[in-house]
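The file coords-v7.cif contains mmCIF, C-alpha atoms:
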```
data_structure
loop_
_atom_site.label_atom_id
_atom_site.label_comp_id
_atom_site.auth_asym_id
_atom_site.auth_seq_id
_atom_site.Cartn_x
_atom_site.Cartn_y
_atom_site.Cartn_z
CA MET A 151 0.37 -37.84 -12.85
CA ALA A 152 2.83 -35.31 -14.23
CA VAL A 153 0.08 -32.69 -14.30
CA ARG A 154 -0.74 -33.51 -10.70
CA ILE A 155 2.86 -32.79 -9.69
CA ILE A 156 2.92 -29.49 -11.60
CA ALA A 157 -0.34 -28.45 -9.93
CA ASP A 158 1.07 -29.31 -6.50
CA VAL A 159 4.24 -27.33 -7.18
CA LEU A 160 2.19 -24.30 -8.26
CA ILE A 161 0.09 -24.46 -5.08
CA LEU A 162 3.30 -24.75 -3.04
CA ILE A 163 4.73 -21.65 -4.72
CA GLY A 164 1.49 -19.84 -3.91
CA ALA A 165 1.73 -20.96 -0.29
CA LEU A 166 5.36 -19.75 -0.13
CA PHE A 167 4.42 -16.23 -1.22
CA ALA A 168 1.37 -16.23 1.05
CA THR A 169 3.68 -17.12 3.96
CA ALA A 170 6.02 -14.28 3.01
CA GLY A 171 3.08 -11.87 2.92
CA THR A 172 1.80 -13.06 6.28
CA ILE A 173 5.20 -12.64 7.92
CA GLY A 174 5.26 -9.15 6.42
CA ILE A 175 1.80 -8.32 7.81
CA LEU A 176 2.91 -9.42 11.29
CA LYS A 177 6.36 -7.83 11.35
CA MET A 178 6.23 -4.64 9.26
CA PRO A 179 6.50 -1.49 11.38
CA ASP A 180 3.54 0.62 10.16
CA ALA A 181 0.11 0.36 8.57
CA PHE A 182 1.12 1.26 5.01
CA SER A 183 4.05 -1.16 4.90
CA ARG A 184 1.77 -3.89 6.19
CA MET A 185 -0.60 -3.21 3.31
CA GLN A 186 2.32 -3.54 0.91
CA ALA A 187 3.18 -6.96 2.33
CA SER A 188 -0.45 -8.06 2.11
CA THR A 189 -0.38 -7.45 -1.65
CA CYS A 190 2.00 -10.44 -1.88
CA VAL A 191 -0.75 -12.72 -0.55
CA SER A 192 -3.43 -11.48 -2.90
CA THR A 193 -1.32 -11.54 -6.08
CA LEU A 194 1.21 -14.36 -6.44
CA GLY A 195 -0.11 -16.25 -3.41
CA MET A 196 -3.59 -16.27 -4.89
CA LEU A 197 -2.36 -16.78 -8.44
CA GLY A 198 -0.27 -19.83 -7.56
CA ALA A 199 -3.14 -21.50 -5.73
CA MET A 200 -5.59 -20.67 -8.51
CA LEU A 201 -3.32 -21.88 -11.33
CA GLY A 202 -2.74 -25.13 -9.46
CA ALA A 203 -6.46 -25.55 -8.86
CA LEU A 204 -7.13 -24.72 -12.51
CA LEU A 205 -4.76 -27.45 -13.76
CA TYR A 206 -6.30 -29.87 -11.25
CA ALA A 207 -9.85 -29.03 -12.38
CA ILE A 208 -9.04 -29.40 -16.07
CA PHE A 209 -6.83 -32.50 -16.11
CA VAL A 210 -7.75 -34.47 -12.97
CA MET A 211 -11.41 -33.63 -12.43
CA GLY A 212 -12.10 -32.99 -16.12
CA SER A 213 -14.73 -30.39 -15.26
CA ALA A 214 -14.94 -27.36 -17.55
CA SER A 215 -17.44 -25.52 -15.36
CA ALA A 216 -15.19 -25.76 -12.29
CA ALA A 217 -12.22 -24.56 -14.35
CA VAL A 218 -14.14 -21.55 -15.64
CA LYS A 219 -15.26 -20.64 -12.14
CA ILE A 220 -11.71 -20.83 -10.80
CA ALA A 221 -10.50 -18.57 -13.61
CA LEU A 222 -13.30 -16.12 -12.82
CA ILE A 223 -12.37 -16.07 -9.13
CA ALA A 224 -8.78 -15.18 -10.05
CA LEU A 225 -9.97 -12.48 -12.48
CA LEU A 226 -12.37 -10.92 -9.97
CA ILE A 227 -9.77 -10.85 -7.20
CA PHE A 228 -7.36 -9.16 -9.63
CA VAL A 229 -9.93 -6.54 -10.61
CA THR A 230 -11.28 -5.71 -7.15
CA ASN A 231 -8.18 -6.01 -4.96
CA PRO A 232 -6.48 -2.74 -6.05
CA LEU A 233 -9.72 -0.77 -5.56
CA GLY A 234 -9.77 -1.74 -1.89
CA SER A 235 -6.07 -0.99 -1.52
CA HIS A 236 -6.43 2.54 -2.96
CA ALA A 237 -9.38 3.30 -0.73
CA ILE A 238 -7.85 1.90 2.47
CA ALA A 239 -4.47 3.58 1.95
CA LYS A 240 -5.96 6.98 1.16
CA GLY A 241 -8.56 6.70 3.91
CA ALA A 242 -5.95 5.72 6.49
CA TYR A 243 -3.73 8.65 5.51
CA ARG A 244 -6.60 11.15 5.56
CA HIS A 245 -7.69 9.81 8.94
CA GLY A 246 -4.33 10.80 10.38
CA ILE A 247 -2.56 7.46 10.61
CA ARG A 248 1.21 8.01 10.25
CA PRO A 249 4.21 5.72 10.71
CA ASP A 250 6.02 5.99 14.05
CA LYS A 251 9.25 6.70 12.22
CA PRO A 252 8.49 9.66 9.91
CA MET A 253 8.77 8.93 6.20
CA GLU A 254 11.76 10.46 4.45
CA VAL A 255 9.80 11.48 1.38
CA ASP A 256 6.15 12.40 1.91
CA ASP A 257 4.80 14.36 -1.07
CA PHE A 258 1.19 13.52 -0.20
CA GLY A 259 1.50 15.05 3.25
CA ARG A 260 3.35 18.08 1.84
CA ASP A 261 0.59 18.82 -0.66
CA PHE A 262 -2.48 18.16 1.49
CA ASP A 263 -1.57 18.65 5.14
CA GLU A 264 -1.01 22.39 5.30
CA MET B 127 -25.64 13.53 -16.75
CA ARG B 128 -24.39 11.49 -19.68
CA LYS B 129 -26.78 10.12 -22.26
CA THR B 130 -27.20 6.36 -22.70
CA THR B 131 -25.89 5.58 -26.19
CA PHE B 132 -26.44 2.42 -28.21
CA PRO B 133 -22.76 1.36 -28.49
CA ALA B 134 -22.36 1.75 -24.73
CA VAL B 135 -25.43 -0.43 -24.06
CA LEU B 136 -24.21 -3.03 -26.54
CA ALA B 137 -20.73 -3.20 -24.96
CA THR B 138 -22.16 -3.48 -21.43
CA PHE B 139 -24.61 -6.13 -22.62
CA VAL B 140 -21.81 -8.21 -24.14
CA VAL B 141 -19.78 -8.08 -20.92
CA CYS B 142 -22.78 -8.95 -18.69
CA PHE B 143 -23.89 -11.78 -20.96
CA ALA B 144 -20.37 -13.24 -21.14
CA PHE B 145 -20.22 -13.31 -17.33
CA TRP B 146 -23.66 -14.93 -17.15
CA VAL B 147 -22.65 -17.69 -19.56
CA LEU B 148 -19.34 -18.30 -17.80
CA LEU B 149 -20.93 -18.47 -14.35
CA THR B 150 -23.87 -20.69 -15.24
CA TRP B 151 -22.05 -22.77 -17.90
CA LYS B 152 -25.28 -24.29 -19.22
CA PHE B 153 -26.22 -23.90 -22.86
CA THR B 154 -29.95 -24.58 -22.87
CA LEU B 155 -32.21 -22.05 -24.58
CA GLN B 156 -33.97 -21.21 -21.33
CA GLU B 157 -30.78 -20.27 -19.47
CA LEU B 158 -29.47 -18.19 -22.38
CA ALA B 159 -32.77 -16.33 -22.83
CA ALA B 160 -33.03 -15.50 -19.14
CA GLY B 161 -29.42 -14.32 -19.20
CA ALA B 162 -30.07 -12.13 -22.22
CA VAL B 163 -33.08 -10.47 -20.61
CA VAL B 164 -31.27 -9.78 -17.33
CA SER B 165 -28.13 -8.54 -19.10
CA LEU B 166 -30.16 -6.20 -21.30
CA ALA B 167 -31.97 -4.73 -18.29
CA VAL B 168 -28.69 -4.24 -16.41
CA ALA B 169 -27.04 -2.75 -19.51
CA LEU B 170 -29.86 -0.24 -20.04
CA PHE B 171 -29.55 1.05 -16.49
CA THR B 172 -25.77 1.01 -16.02
CA ALA B 173 -24.26 1.68 -19.48
CA ARG B 174 -23.86 5.42 -18.89
CA PHE B 175 -21.81 4.80 -15.72
CA PHE B 176 -19.84 1.94 -17.19
CA ILE B 177 -18.73 3.32 -20.57
CA HIS B 178 -17.40 6.88 -20.71
CA GLU B 179 -15.40 6.80 -23.90
CA LYS B 180 -15.53 5.06 -27.24
CA ALA B 181 -17.29 1.75 -26.65
CA GLY B 182 -15.85 -0.15 -29.59
CA TRP B 183 -12.11 0.11 -28.89
CA LEU B 184 -11.82 -3.59 -28.07
CA PHE B 185 -12.91 -4.49 -31.60
CA ASN B 186 -9.74 -2.87 -32.93
CA PRO B 187 -7.52 -5.98 -33.33
CA VAL B 188 -4.19 -4.16 -32.81
CA LYS B 189 -5.34 -2.74 -29.48
CA PHE B 190 -6.90 -6.04 -28.48
CA PHE B 191 -3.68 -7.97 -29.00
CA ASN B 192 -1.69 -5.25 -27.25
CA LEU B 193 -4.09 -5.63 -24.31
CA LEU B 194 -3.60 -9.40 -24.29
CA GLY B 195 0.18 -9.00 -24.55
CA TYR B 196 0.16 -6.59 -21.64
CA TRP B 197 -1.81 -8.84 -19.31
CA LEU B 198 -0.09 -12.07 -20.39
CA PHE B 199 3.56 -10.98 -20.71
CA ILE B 200 4.53 -7.45 -19.63
CA PHE B 201 2.54 -7.28 -16.39
CA PRO B 202 3.24 -10.82 -15.06
CA VAL B 203 6.99 -10.27 -15.46
CA GLU B 204 6.84 -7.09 -13.37
CA LEU B 205 4.51 -8.83 -10.90
CA VAL B 206 6.84 -11.79 -10.32
CA LYS B 207 9.91 -9.53 -9.99
CA ALA B 208 8.18 -7.34 -7.41
CA ASN B 209 6.80 -10.37 -5.54
CA VAL B 210 10.22 -12.03 -5.25
CA ASP B 211 11.72 -8.75 -4.05
CA MET B 212 8.96 -8.31 -1.46
CA ALA B 213 9.19 -11.94 -0.28
CA LYS B 214 12.96 -11.51 0.21
CA ARG B 215 12.38 -8.44 2.38
CA CYS B 216 9.76 -10.30 4.44
CA PHE B 217 11.90 -13.41 4.99
CA THR B 218 14.92 -11.35 6.05
CA GLY B 219 13.10 -9.67 8.93
CA CYS B 220 11.32 -6.68 7.39
CA THR B 221 14.10 -4.27 8.36
CA ASP B 222 15.38 -3.52 4.86
CA ILE B 223 12.68 -0.93 4.05
CA ASN B 224 12.53 2.81 3.52
CA PRO B 225 8.86 3.72 3.04
CA GLY B 226 7.70 7.02 1.62
CA ILE B 227 5.15 8.65 -0.65
CA VAL B 228 6.44 9.97 -3.96
CA LYS B 229 4.66 12.17 -6.47
CA VAL B 230 5.07 10.89 -9.99
CA PRO B 231 4.03 12.51 -13.31
CA VAL B 232 1.98 10.35 -15.71
CA ASP B 233 1.41 11.06 -19.40
CA LEU B 234 -1.79 9.10 -20.02
CA LYS B 235 -4.81 11.08 -21.20
CA SER B 236 -7.75 8.67 -21.02
CA ASP B 237 -9.56 7.86 -17.77
CA TYR B 238 -9.42 4.14 -18.45
CA GLY B 239 -5.70 4.24 -19.17
CA GLN B 240 -5.05 6.04 -15.90
CA ALA B 241 -7.22 3.58 -13.99
CA ALA B 242 -5.50 0.58 -15.61
CA LEU B 243 -2.06 1.96 -14.78
CA ALA B 244 -3.03 2.85 -11.20
CA ASN B 245 -4.44 -0.63 -10.63
CA SER B 246 -1.36 -2.27 -12.12
CA ILE B 247 0.87 -0.23 -9.81
CA THR B 248 -1.23 -1.18 -6.79
CA LEU B 249 -1.19 -4.86 -7.75
CA THR B 250 2.63 -4.99 -7.79
CA PRO B 251 3.76 -5.53 -4.18
CA GLY B 252 5.85 -2.64 -2.91
CA THR B 253 3.86 0.17 -4.50
CA ILE B 254 0.33 1.45 -3.80
CA THR B 255 -1.28 4.30 -5.71
CA MET B 256 -2.92 6.51 -3.10
CA ASP B 257 -4.38 9.36 -5.11
CA ILE B 258 -4.52 10.94 -8.55
CA ALA B 259 -4.21 14.71 -8.83
CA GLU B 260 -4.12 17.13 -11.74
CA GLN B 261 -2.01 20.28 -11.76
CA ASP B 262 -1.61 22.62 -14.74
CA GLY B 263 -2.82 19.95 -17.18
CA GLN B 264 -0.30 17.35 -15.95
CA THR B 265 -1.55 14.27 -14.13
CA TYR B 266 0.28 13.11 -10.99
CA TYR B 267 0.02 9.91 -8.98
CA TYR B 268 0.82 9.81 -5.27
CA ILE B 269 2.48 6.43 -4.79
CA HIS B 270 3.40 4.83 -1.49
CA TRP B 271 6.71 3.06 -2.15
CA ILE B 272 8.26 0.57 0.27
CA ASP B 273 11.84 1.33 -0.74
CA VAL B 274 12.27 4.94 -1.88
CA LYS B 275 15.37 5.27 -4.05
CA ALA B 276 14.58 8.34 -6.14
CA ASP B 277 12.15 11.21 -6.55
CA GLY B 278 9.96 12.71 -9.29
CA GLU B 279 10.68 11.55 -12.86
CA GLU B 280 13.31 8.97 -11.86
CA ALA B 281 10.95 7.39 -9.34
CA GLY B 282 8.29 7.25 -12.05
CA GLU B 283 10.63 5.44 -14.43
CA ALA B 284 11.64 2.96 -11.73
CA ILE B 285 8.07 2.21 -10.60
CA LYS B 286 6.00 2.29 -13.75
CA GLY B 287 8.22 2.91 -16.81
CA ARG B 288 7.52 -0.42 -18.48
CA LEU B 289 3.92 -0.64 -17.29
CA GLU B 290 3.11 2.82 -18.65
CA ARG B 291 4.59 2.05 -22.06
CA GLY B 292 2.53 -1.16 -22.12
CA VAL B 293 -0.69 0.60 -21.15
CA ARG B 294 -0.14 3.36 -23.71
CA ARG B 295 -0.21 0.79 -26.49
CA PHE B 296 -3.86 -0.01 -25.85
CA TRP B 297 -5.17 3.12 -24.11
CA GLU B 298 -3.36 6.31 -24.92
#
```
What do you get writing this file as structure tokens?
Amino acid sequence: MAVRIIADVLILIGALFATAGTIGILKMPDAFSRMQASTCVSTLGMLGAMLGALLYAIFVMGSASAAVKIALIALLIFVTNPLGSHAIAKGAYRHGIRPDKPMEVDDFGRDFDE
Amino acid sequence: MRKTTFPAVLATFVVCFAFWVLLTWKFTLQELAAGAVVSLAVALFTARFFIHEKAGWLFNPVKFFNLLGYWLFIFPVELVKANVDMAKRCFTGCTDINPGIVKVPVDLKSDYGQAALANSITLTPGTITMDIAEQDGQTYYYIHWIDVKADGEEAGEAIKGRLERGVRRFWE
């Protein structure tokens, strides 16, 4: 029972950060800042849900194979998520997407735009 | 084109086979044999893309425990701090931001070390590594930062000081 409560609390924490990230995605002013907010969802939001599910799988379901698969899902999201973020951010910048309000410091633009 | 070396094949094989066992989670001889054959075939074809440097570094216990310490203690602390900071900004209306792209010098030599650091930076909310460039033998990251407070070296210390010291302990 105690484990069940801990698992629920972990999932709630995950949901809290996922909510924060979603609000960020909806309200941030430009594409790059929205990507920053979305990282919240895919790190602590995902991690909270996965840790809760992991505890649930081990202690409530008692299934080692489910637990291993949940751990692998978390690991694979952690490994692949930054690759997509690099590629999307760089691709968006190269494509000419800029914030409406110009950035104060923009070393990337200074070095590559001329 | 790089040559396929035996240590590289062995290391790739171990990784592939470990994933096979974890995903199937059955320990009959048939499953394991099929996994070994598939892993070996994959390792033979992909080892030269997968392993560029010394294949056996993980078998060095000091580096292995430094790697574990980094992923279990140093990185999660930074991750939680950045997440709480980001969540605060989101819940207070997303107006407290000052986005910009800073150019930050990095002192890691190995490809894997640079990749690990760049991925760690991208995983912490508030910073995304956009590109890696090399000028006069010095490596630079271009990092999109949600709240620019400094420039150059200072920005580097603020964004990745602790992460870089952690990464250097297992990949110089």
- Item | For chain B, the nearest of the candidates A:Pro249, A:Leu225, A:Thr189, A:Met200, counting all atoms listed in the file |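 Among the listed residues, A:Thr189 lies closest to chain B.
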- When you draw a straight line from CA of Gly195 in chain B to CA of Trp183 in chain B, how long is it in Å? 15.9 Å
- Evaluating the PyMOL selection byres ((chain A) within 7 of (chain B)) on the displayed file yields which residues, as a list in words?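 With the shown file as input, the PyMOL selection byres ((chain A) within 7 of (chain B)) matches Phe167, Ala170, Gly171, Ile173, Gly174, Lys177, Met178, Ser183, Gln186, Ala187, Thr189, Cys190, Thr193, Leu194, Ser215, Val218, Lys219, Pro232, His236, Ala239, Lys240, Met253, Glu254, Val255, Asp256, Asp257 and Phe258 of chain A.
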- Item | Minimum-distance residue to Asp158 in chain A, chosen among A:Leu226, A:Pro252, A:Arg244, A:Gly198 (using only C-alpha atoms) | A:Gly198
- Just say which residues the PyMOL selection byres ((chain A and resi 205-211) around 12) picks in this file, as a PyMOL selection string. chain A and resi 151-161+198-204+212-221
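Proximity of B:Ala137, B:Ala259, B:Ile200, B:Ala160 to Ile177 in chain B, computed with all atoms listed in the file, is greatest for B:Ala137.
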- Message: So the first atom is CA of Asp222 in chain B and the second is CA of Ala165 in chain A; what is the distance between them in Å, to one decimal place?
- Response: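 Atom-to-atom, CA of Asp222 in chain B and CA of Ala165 in chain A are spaced 22.7 Å apart.
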- Message: One number please: CA of Leu136 in chain B to CA of Leu198 in chain B, in Å, one decimal.
- Response: 26.5 Å
- Task: Output the residue selection produced by the PyMOL selection byres ((chain B and resi 239) around 10) on the file above, formatted as a VMD selection string.
- Result: chain B and resid 233 to 238 240 to 245 290 293 to 298
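Compared by their closest atoms to Ile285 in chain B, and using all atoms listed in the file, the residues B:Val232, B:Arg174, B:Pro133, B:Thr138 rank with B:Val232 nearest.
Using all atoms listed in the file, the smallest distance between any of A:Asp180, A:Leu197, A:Thr230, A:Leu166 and Ile247 in chain A comes from A:Asp180.
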- Item | Pick from B:Pro231, B:Phe191, B:Phe176, B:Glu157, whichever lies nearest to Asp262 in chain B using only C-alpha atoms |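 With only C-alpha atoms as the atom set, the closest residue is B:Pro231.
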Repaired coordinates for range 152-176 of chain B (N, CA and C atoms) as a compact mmCIF listing (two decimals), in the frame of the given file:
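Final output, saved to rebuild_39.txt:
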```
# COMPACT_ATOMS: atom_id res chain seq x y z
N LYS B 152 -24.28 -23.38 -18.66
CA LYS B 152 -25.28 -24.29 -19.22
C LYS B 152 -25.75 -23.67 -20.52
N PHE B 153 -25.92 -24.47 -21.56
CA PHE B 153 -26.22 -23.90 -22.86
C PHE B 153 -27.61 -24.29 -23.34
N THR B 154 -28.57 -24.37 -22.44
CA THR B 154 -29.95 -24.58 -22.87
C THR B 154 -30.56 -23.24 -23.24
N LEU B 155 -31.59 -23.28 -24.09
CA LEU B 155 -32.21 -22.05 -24.58
C LEU B 155 -32.77 -21.22 -23.43
N GLN B 156 -33.35 -21.91 -22.45
CA GLN B 156 -33.97 -21.21 -21.33
C GLN B 156 -32.96 -20.36 -20.56
N GLU B 157 -31.82 -20.98 -20.21
CA GLU B 157 -30.78 -20.27 -19.47
C GLU B 157 -30.30 -19.06 -20.26
N LEU B 158 -30.02 -19.27 -21.57
CA LEU B 158 -29.47 -18.19 -22.38
C LEU B 158 -30.48 -17.05 -22.51
N ALA B 159 -31.76 -17.39 -22.68
CA ALA B 159 -32.77 -16.33 -22.83
C ALA B 159 -32.90 -15.53 -21.55
N ALA B 160 -32.95 -16.22 -20.41
CA ALA B 160 -33.03 -15.50 -19.14
C ALA B 160 -31.82 -14.60 -18.96
N GLY B 161 -30.64 -15.12 -19.31
CA GLY B 161 -29.42 -14.32 -19.20
C GLY B 161 -29.49 -13.10 -20.08
N ALA B 162 -30.00 -13.26 -21.30
CA ALA B 162 -30.07 -12.13 -22.22
C ALA B 162 -30.99 -11.05 -21.68
N VAL B 163 -32.15 -11.46 -21.14
CA VAL B 163 -33.08 -10.47 -20.61
C VAL B 163 -32.46 -9.70 -19.43
N VAL B 164 -31.87 -10.44 -18.50
CA VAL B 164 -31.27 -9.78 -17.33
C VAL B 164 -30.13 -8.86 -17.76
N SER B 165 -29.27 -9.35 -18.67
CA SER B 165 -28.13 -8.54 -19.10
C SER B 165 -28.60 -7.27 -19.78
N LEU B 166 -29.66 -7.38 -20.60
CA LEU B 166 -30.16 -6.20 -21.30
C LEU B 166 -30.69 -5.18 -20.29
N ALA B 167 -31.44 -5.66 -19.29
CA ALA B 167 -31.97 -4.73 -18.29
C ALA B 167 -30.83 -4.04 -17.55
N VAL B 168 -29.83 -4.83 -17.13
CA VAL B 168 -28.69 -4.24 -16.41
C VAL B 168 -27.97 -3.25 -17.31
N ALA B 169 -27.77 -3.62 -18.59
CA ALA B 169 -27.04 -2.75 -19.51
C ALA B 169 -27.77 -1.43 -19.70
N LEU B 170 -29.11 -1.48 -19.83
CA LEU B 170 -29.86 -0.24 -20.04
C LEU B 170 -29.67 0.72 -18.87
N PHE B 171 -29.63 0.16 -17.65
CA PHE B 171 -29.55 1.05 -16.49
C PHE B 171 -28.13 1.52 -16.20
N THR B 172 -27.11 0.68 -16.50
CA THR B 172 -25.77 1.01 -16.02
C THR B 172 -24.81 1.45 -17.12
N ALA B 173 -25.22 1.41 -18.39
CA ALA B 173 -24.26 1.68 -19.48
C ALA B 173 -23.63 3.05 -19.33
N ARG B 174 -24.42 4.06 -18.91
CA ARG B 174 -23.86 5.42 -18.89
C ARG B 174 -22.85 5.60 -17.76
N PHE B 175 -22.87 4.74 -16.73
CA PHE B 175 -21.81 4.80 -15.72
C PHE B 175 -20.60 3.98 -16.13
N PHE B 176 -20.86 2.94 -16.91
CA PHE B 176 -19.84 1.94 -17.19
C PHE B 176 -18.93 2.37 -18.33
```
